[in-house]
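Below: one structure, written as structure tokens.
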Amino acid sequence: MCNLFLNESLPPIFPMNDEQLLRYSRHILLDEIGIEGQDKLLSSHVLVVGAGGLGSPVALYLGSAGVGRITIVDHDRVDATNLQRQIAHNVARIGAFKAESAAQAVAAINPDARVIPVMQRADEALLDQLVPAADLVLDCTDNFATRHAINRACVRHGKPLVSGAAIRFDGQVSVYDPRSTQSPCYACVFPESDLFEETRCATMGVFAPLVGIVGTVQAAEALKLLCGVGQALTGRLLMLDGRTMEWSEMKLARNIACTVCGTPTPTPTPTITTTAD
Ligand SMILES: [Zn+2]
């Protein structure tokens with residue numbers, strides 16, 4: 001179904017109409033964004049994978065900020081245990097697909113933002129279809145297998161990835177940008193071969209506003225990258241301990257031996273030996 005939308009061009013956005021100039025006036029007033037930056041947002045296409053705790057604030061802020069096209073992928077449906085933290089959903093939409101529920105929440109805020117809900121699991125094939133069409137990807141998922149699949153697709157297609165994670169009271173956020181030769185990818189930092197303990201919100205506790213804090217940082221990094229504002233979190237892992245509300249930062253380096261973005265080891269040329277009788 002999403003094929004229908006991939007090559008569909010956005011309606012012309014120049015110039016912004018009076019309603020848009022008013023709606024985005026607080027962005028336009030910022031020297032770093034202005035009309036030019038807001039135009040970039042309106043003509044951007046962002047892929048959000050996951051419409052849960054992180055995906056909710058991401059979708060709402062990208063939508064309210066005027067990102068022109070937002071594809072949201074999530075195969076799951078809203079249930080009552082989600083509503084403690086997944087702020088794009090509500091009681092009336094329990095049982096609905098999260099991607100559709102998030103699309104409705106954005107539509108109620110900003111009709112400029114066209115949200116394309118995709119109710120499928122984000123597997124390799126789907127990501128290879130969706131990632132090339134996006135300017136930027138946000139990983140708002142809760143499991144390593146999908147995180148690695150998203151990372152591989154972003155490296156393959158050269159798209160910046162804004163990655164967030166939140167569990168219990170701990171949050172992490174970073175940007176992996178394959179357009180920069182210096183930037184690590186997600187697998188440079190969390191190798192695919194490593195056995196991490198899988199701690200998912202589905203079975204573990206998560207402090208409600210934590211996903212809001214991390215998701216909002218993800219949205220901010222995405223908007224900055226789209227407008228070219230400031231310095232992105234590329235090469236830096238920002239970590240939050242919500243118990244003490246202390247942020248710490250770790251510098252991240254690219255791993256040249258990374259199985260995803262590293263230089264492949266050249267296959268040795270077979271040597272032909274001749275033996276003389
Ligand atoms: Zn890598």
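A note on labels: chains of the structure tokens are A, B, ... as shown, every chain counts residues from 1, and ligands are counted from 1 in their shown order.
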Restrict the calculation to only C-alpha atoms, then for each residue of region 156-235 of chain A with any atom at most 6 Å from an atom of region 54-72 of chain A give the closest atom pair and their distance in Å to one decimal, rows by chain and rising residue number, as a Markdown table.
```
| residue | atom | partner | partner_atom | distance |
| --- | --- | --- | --- | --- |
| A:Val211 | CA | A:Leu54 | CA | 5.2 |
| A:Gly212 | CA | A:Pro57 | CA | 6.0 |
| A:Gly215 | CA | A:Leu54 | CA | 4.5 |
| A:Thr216 | CA | A:Pro57 | CA | 5.9 |
| A:Ala219 | CA | A:Val58 | CA | 5.0 |
```
Could you turn the residues from that selection into a file that holds N, CA and C atoms, as a CSV table (one decimal), in the first residue's frame?
```csv
chain,number,residue,atom,x,y,z
A,211,VAL,N,10.4,8.4,28.1
A,211,VAL,CA,10.3,8.3,26.7
A,211,VAL,C,10.0,9.6,26.0
A,212,GLY,N,9.2,10.5,26.8
A,212,GLY,CA,9.0,11.8,26.2
A,212,GLY,C,10.2,12.6,26.1
A,215,GLY,N,12.4,11.0,23.3
A,215,GLY,CA,11.8,11.2,22.0
A,215,GLY,C,11.8,12.6,21.5
A,216,THR,N,11.7,13.5,22.5
A,216,THR,CA,11.8,14.9,22.2
A,216,THR,C,13.2,15.3,21.7
A,219,ALA,N,13.4,14.2,18.2
A,219,ALA,CA,12.7,15.1,17.3
A,219,ALA,C,13.5,16.4,17.0
```
Close residues to ligand 1 using only C-alpha atoms and all ligand atoms, limit 12 Å, as an NGL selection string:
:A and (148 or 151-156 or 176-178 or 180-192 or 235 or 252-264)
Report, in Å to a single decimal, how far apart CA of Ser43 (chain A) and CA of Leu30 (chain A) are.
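Between these atoms lies a distance of 18.6 Å.
Residue neighbourhood of Ala105 (chain A), excluding near-sequence residues (fewer than 4 positions): Ala88, Ser101 and Ile109 of chain A, at 7 Å, using only C-alpha atoms.
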Please determine, counting only C-alpha atoms, which residue among A:Gly230, A:Ile94, A:Leu237, A:Gln84 has the shortest atom-to-atom distance to Ala208 (chain A).
A:Gln84
Which of region 86-186 of chain A fall in strand (DSSP E), as a PyMOL selection string
chain A and resi 114-118+136-139+161-167+170-176
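Reported to one decimal place, the separation of CA of Ile35 (chain A) from CA of Ala134 (chain A) is 21.9 Å.
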